[in-house]
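**Q** Here's a structure for you.
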Amino acid sequence: MNLQQACRKRIFRDLIRILRELIAKGNTVIVIEHDKSIILAADYLVQMGPKAGALGGYISYQGRVEAFLKEDDCHPFLKASSQAAPLKAGKTHITIRQLAKHTLEKELLAVPIGGITALTGKSGIGKTTLVKDIIIPSINLGQSVNCAAIDWPKSIVGAHYFEPKKLRTHANTLVVSYLDLLKHICKIFASESHLKPKDFSYKTKESQCPNCNGTGVVETHLDLTANTIETCDVCHGQRYQPDILVHEVQSKSIAEVLAMTLAELKVWFTIFKAFAGCLERIEALEDIGLGHLSLEQTVQSLSSRRKTTRLALELAARCPKKPTLSIRRT
Ligand SMILES: [Zn+2]
C-alpha cells in the first residue's frame, strides 16, 4: 500500500467513525457514495443502475450489504479485497539537459512518458516553469527552449496544457460545442439542404429563436434572491427559428439531434461514415460510462462526479489521433 492509499484509507475510516457518531445521536445518514469502504460499511444498501441518464432510474437492489455480496450481479470489485495497482516504470523519457529558467536549474532531468507522471512540490518552486516554459514550447516548436538540449520520442507530435480555470470559462458551453461536434452536425444538415453550416448553429443570430437567443430557456428575475428559469414559450425549448427546424436529416430536425445523448449521436453519425474522428471521440467517452450525456447539457451541469467527468471531457475534446503529451494542472 502506497502513501496515498494509506492516507485515503485513513480518511474514509475517520469519515465512517464520524457517521457512526451521528447515528448514535439519533440521526439517519443517507450517503450518495462510490467509495467501496463506505458502501461496505452501510447498514442498508440501495443500488441504482446499471444504465445512467435517460436510461437510468432503476433500483436494482435494496437490502443488507452482506446479502448483496452474494448476488450474481454484484460487481467483483466489491467482493474482492482491494489490491494496490501495480506501477510500472516508464520505458522512454523526455530528457532535458542544462535546463535554466528563473530559479529553476538542473543539469539533467528525465521525465518518463507513456503513462501518468506527477509533478509536485511547493507553490512557486518551478513546476509551471518546467512545463510551460521548457517542455511544452520545446516539443511544439521542435527545438530546445530554456535548456541546452531536449530529446523526446519523435512519435509525440504535440503537447497540450489544461487548467481547471479554462474549463470554468466553458461553464455555459453545451457538451456538443465543447466536444467540437456541432460543426460536424451542422455540415451534415447543410449538405442535405440549400443552407450553410453556420445556419444550423444555435449561436447564429439569424437562426436562433429571438426570444431566448438560442438557449431554449428564459430567465426571469423575480427579486434580488430568486430567479426562475423556464422553457422558452416561443420555441418551446428548441432554440431555433421555425424555418431552420423544418429541415430534417434521417427524420430528425437540428433540435431533435441536439436533444440526443452521445450514444444516440454515435448511431446517427454512423450513417454518414465521413466522421470517423467524431466517432472515436464519442467512443472514448462511452468506454468510461459517459455515453448518456446529453448533447445540450451544459458543462456546468455535469453530475456529482464533476471533476472526473470534466477531465474526461477535456481529454476527449482534444482526443488526439497521434501520441500527444497532455499536461494538466490540478
Ligand atoms: Zn426560444
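In the C-alpha cells, chains take letters A, B, ... by order of appearance, with residues numbered from 1 within each chain and ligands from 1 in the order shown.
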Using only C-alpha atoms and all ligand atoms, I'd like a table of the residues in chain A that come within 7 Å of ligand 1; for each, show the closest atom pair and its distance in Å rounded to one decimal, ordered by chain and ascending number, as a Markdown table.
**A**
| residue | atom | partner | partner_atom_place_in_ligand_line | distance |
| --- | --- | --- | --- | --- |
| A:Cys209 | CA | ligand 1 | 1 (Zn) | 4.5 |
| A:Pro210 | CA | ligand 1 | 1 (Zn) | 6.5 |
| A:Asn211 | CA | ligand 1 | 1 (Zn) | 4.9 |
| A:Cys212 | CA | ligand 1 | 1 (Zn) | 4.1 |
| A:Asn213 | CA | ligand 1 | 1 (Zn) | 6.5 |
| A:Gly214 | CA | ligand 1 | 1 (Zn) | 6.1 |
| A:Thr215 | CA | ligand 1 | 1 (Zn) | 6.7 |
| A:Gly216 | CA | ligand 1 | 1 (Zn) | 4.7 |
| A:Val217 | CA | ligand 1 | 1 (Zn) | 6.4 |
| A:Cys232 | CA | ligand 1 | 1 (Zn) | 4.5 |
| A:Asp233 | CA | ligand 1 | 1 (Zn) | 6.5 |
| A:Val234 | CA | ligand 1 | 1 (Zn) | 5.1 |
| A:Cys235 | CA | ligand 1 | 1 (Zn) | 4.1 |
| A:His236 | CA | ligand 1 | 1 (Zn) | 6.2 |
| A:Gly237 | CA | ligand 1 | 1 (Zn) | 5.8 |
| A:Gln238 | CA | ligand 1 | 1 (Zn) | 6.5 |
| A:Arg239 | CA | ligand 1 | 1 (Zn) | 5.0 |
| A:Tyr240 | CA | ligand 1 | 1 (Zn) | 6.8 |
**Q** Keeping only C-alpha atoms, write the selected residues to a file as a JSON list (two decimals), in the first residue's frame.
**A**
[["chain", "number", "residue", "atom", "x", "y", "z"],
["A", 209, "CYS", "CA", -35.09, 31.97, -31.52],
["A", 210, "PRO", "CA", -35.15, 35.74, -30.81],
["A", 211, "ASN", "CA", -36.98, 35.26, -27.52],
["A", 212, "CYS", "CA", -34.32, 33.07, -25.84],
["A", 213, "ASN", "CA", -31.33, 33.83, -28.10],
["A", 214, "GLY", "CA", -30.84, 30.14, -28.87],
["A", 215, "THR", "CA", -30.71, 28.96, -25.26],
["A", 216, "GLY", "CA", -34.19, 27.36, -25.22],
["A", 217, "VAL", "CA", -34.88, 28.89, -21.79],
["A", 232, "CYS", "CA", -38.96, 29.41, -23.81],
["A", 233, "ASP", "CA", -42.62, 29.59, -24.79],
["A", 234, "VAL", "CA", -41.82, 30.82, -28.33],
["A", 235, "CYS", "CA", -39.57, 27.95, -29.50],
["A", 236, "HIS", "CA", -40.65, 25.51, -26.74],
["A", 237, "GLY", "CA", -37.02, 24.84, -25.85],
["A", 238, "GLN", "CA", -35.99, 24.09, -29.43],
["A", 239, "ARG", "CA", -33.61, 27.07, -29.71],
["A", 240, "TYR", "CA", -34.18, 27.76, -33.44]]
**Q** Would you list, as an NGL selection string, the residues of range 5-196 of chain A that end up in strand (DSSP E or B) under DSSP run on this structure's backbone?
**A** :A and (45-48 or 59-63 or 92-101 or 104-113 or 147-151 or 159-162 or 174)
**Q** For Ser191 in chain A, please output as a PyMOL selection string all residues within 12 Å (counting only C-alpha atoms; exclusion window: fewer than 5 positions along the same chain).
**A** chain A and resi 184-186+196-200+247-249+272
**Q** In terms of the shortest atom-to-atom distance over only C-alpha atoms, which of A:Phe189, A:Gln297, A:Glu280, A:His93 is closest to Leu245 in chain A?
**A** A:Phe189
**Q** Rounded to one decimal place, report the CA of Ala255 in chain A-CA of Ile271 in chain A distance in Å.
**A** 18.5 Å
**Q** Separation of CA of Ala263 in chain A and CA of Gln300 in chain A, in Å?
**A** 20.2 Å
**Q** Env of Thr173 in chain A: 8 Å cut, atoms = only C-alpha atoms, seq-sep filter 3 positions within chain, self excluded. Answer as an MDAnalysis selection string.
**A** chainID A and resid 170 177:178 298:300
**Q** So which bits of range 1-90 of chain A end up alpha helix (DSSP H) when you DSSP the backbone, as a PyMOL selection string?
**A** chain A and resi 3-24+36-41+65-68+76-79
**Q** Export N, CA and C atoms of the chosen residues as a short mmCIF file (atom, residue, chain, number, x, y, z; two decimals), in the first residue's frame?
**A**
data_model
loop_
_atom_site.label_atom_id
_atom_site.label_comp_id
_atom_site.auth_asym_id
_atom_site.auth_seq_id
_atom_site.Cartn_x
_atom_site.Cartn_y
_atom_site.Cartn_z
N LEU A 3 1.65 5.55 0.03
CA LEU A 3 1.28 6.60 0.98
C LEU A 3 -0.12 7.15 0.70
N GLN A 4 -0.40 7.36 -0.61
CA GLN A 4 -1.69 7.95 -0.96
C GLN A 4 -2.84 7.01 -0.56
N GLN A 5 -2.64 5.70 -0.83
CA GLN A 5 -3.70 4.74 -0.47
C GLN A 5 -3.89 4.69 1.04
N ALA A 6 -2.76 4.76 1.78
CA ALA A 6 -2.84 4.72 3.24
C ALA A 6 -3.59 5.93 3.77
N CYS A 7 -3.30 7.13 3.19
CA CYS A 7 -3.98 8.37 3.62
C CYS A 7 -5.47 8.26 3.32
N ARG A 8 -5.77 7.77 2.12
CA ARG A 8 -7.18 7.67 1.69
C ARG A 8 -7.94 6.71 2.61
N LYS A 9 -7.29 5.60 2.94
CA LYS A 9 -7.94 4.61 3.81
C LYS A 9 -8.23 5.22 5.18
N ARG A 10 -7.28 6.01 5.66
CA ARG A 10 -7.46 6.63 6.98
C ARG A 10 -8.58 7.68 6.95
N ILE A 11 -8.62 8.45 5.85
CA ILE A 11 -9.67 9.48 5.72
C ILE A 11 -11.04 8.83 5.77
N PHE A 12 -11.21 7.72 5.02
CA PHE A 12 -12.53 7.08 4.98
C PHE A 12 -12.84 6.38 6.31
N ARG A 13 -11.82 5.86 6.98
CA ARG A 13 -12.05 5.24 8.29
C ARG A 13 -12.55 6.30 9.28
N ASP A 14 -11.93 7.50 9.23
CA ASP A 14 -12.37 8.59 10.11
C ASP A 14 -13.78 9.05 9.75
N LEU A 15 -14.06 9.09 8.44
CA LEU A 15 -15.38 9.54 7.98
C LEU A 15 -16.46 8.57 8.47
N ILE A 16 -16.19 7.28 8.36
CA ILE A 16 -17.17 6.28 8.82
C ILE A 16 -17.38 6.42 10.33
N ARG A 17 -16.31 6.68 11.06
CA ARG A 17 -16.43 6.85 12.52
C ARG A 17 -17.33 8.05 12.84
N ILE A 18 -17.14 9.14 12.09
CA ILE A 18 -17.96 10.35 12.32
C ILE A 18 -19.43 10.07 11.99
N LEU A 19 -19.66 9.33 10.90
CA LEU A 19 -21.03 8.99 10.51
C LEU A 19 -21.68 8.13 11.59
N ARG A 20 -20.92 7.18 12.17
CA ARG A 20 -21.44 6.31 13.24
C ARG A 20 -21.81 7.14 14.47
N GLU A 21 -20.98 8.16 14.75
CA GLU A 21 -21.27 9.02 15.91
C GLU A 21 -22.57 9.79 15.70
N LEU A 22 -22.78 10.23 14.44
CA LEU A 22 -24.03 10.94 14.13
C LEU A 22 -25.23 10.03 14.34
N ILE A 23 -25.10 8.77 13.92
CA ILE A 23 -26.20 7.81 14.05
C ILE A 23 -26.47 7.51 15.54
N ALA A 24 -25.38 7.39 16.31
CA ALA A 24 -25.52 7.11 17.74
C ALA A 24 -26.31 8.21 18.45
N LYS A 36 -15.77 2.18 -2.08
CA LYS A 36 -16.05 0.82 -1.62
C LYS A 36 -16.14 0.73 -0.09
N SER A 37 -15.24 1.41 0.63
CA SER A 37 -15.22 1.26 2.09
C SER A 37 -16.50 1.80 2.71
N ILE A 38 -17.05 2.87 2.13
CA ILE A 38 -18.31 3.44 2.66
C ILE A 38 -19.47 2.51 2.31
N ILE A 39 -19.47 1.97 1.09
CA ILE A 39 -20.56 1.07 0.65
C ILE A 39 -20.60 -0.14 1.59
N LEU A 40 -19.42 -0.71 1.85
CA LEU A 40 -19.37 -1.92 2.68
C LEU A 40 -19.72 -1.62 4.15
N ALA A 41 -19.56 -0.37 4.57
CA ALA A 41 -19.86 -0.02 5.97
C ALA A 41 -21.34 0.31 6.17
N VAL A 65 -26.00 -5.26 3.00
CA VAL A 65 -24.78 -5.35 2.19
C VAL A 65 -24.32 -6.81 2.09
N GLU A 66 -24.38 -7.54 3.23
CA GLU A 66 -23.89 -8.94 3.24
C GLU A 66 -24.64 -9.76 2.20
N ALA A 67 -25.95 -9.55 2.08
CA ALA A 67 -26.75 -10.31 1.11
C ALA A 67 -26.41 -9.88 -0.31
N PHE A 68 -26.12 -8.57 -0.48
CA PHE A 68 -25.79 -8.07 -1.82
C PHE A 68 -24.51 -8.71 -2.35
N PRO A 76 -17.48 -7.81 -9.03
CA PRO A 76 -16.32 -8.44 -8.34
C PRO A 76 -15.50 -7.44 -7.55
N PHE A 77 -15.50 -6.18 -7.97
CA PHE A 77 -14.75 -5.14 -7.26
C PHE A 77 -15.16 -5.05 -5.79
N LEU A 78 -16.47 -5.26 -5.54
CA LEU A 78 -16.95 -5.18 -4.15
C LEU A 78 -16.65 -6.45 -3.38
N LYS A 79 -16.66 -7.60 -4.08
CA LYS A 79 -16.48 -8.89 -3.40
C LYS A 79 -15.03 -9.12 -2.99
#
**Q** Work out how far apart CA of Ser253 in chain A and CA of Gly289 in chain A are and give it in Å to one decimal.
**A**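 Those two atoms sit 26.8 Å apart.
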**Q** Excluding same-chain residues fewer than 6 positions from Gly142 in chain A, what lies within 12 Å of it counting only C-alpha atoms, as a list in words?
**A**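 After dropping sequence-adjacent residues, the list is Ile134, Ile135, Ile136, Ala149, Ile150, Asp151, Trp152, Pro153, Lys154, Ile156, Val157, Gly158 and Ala159 of chain A.
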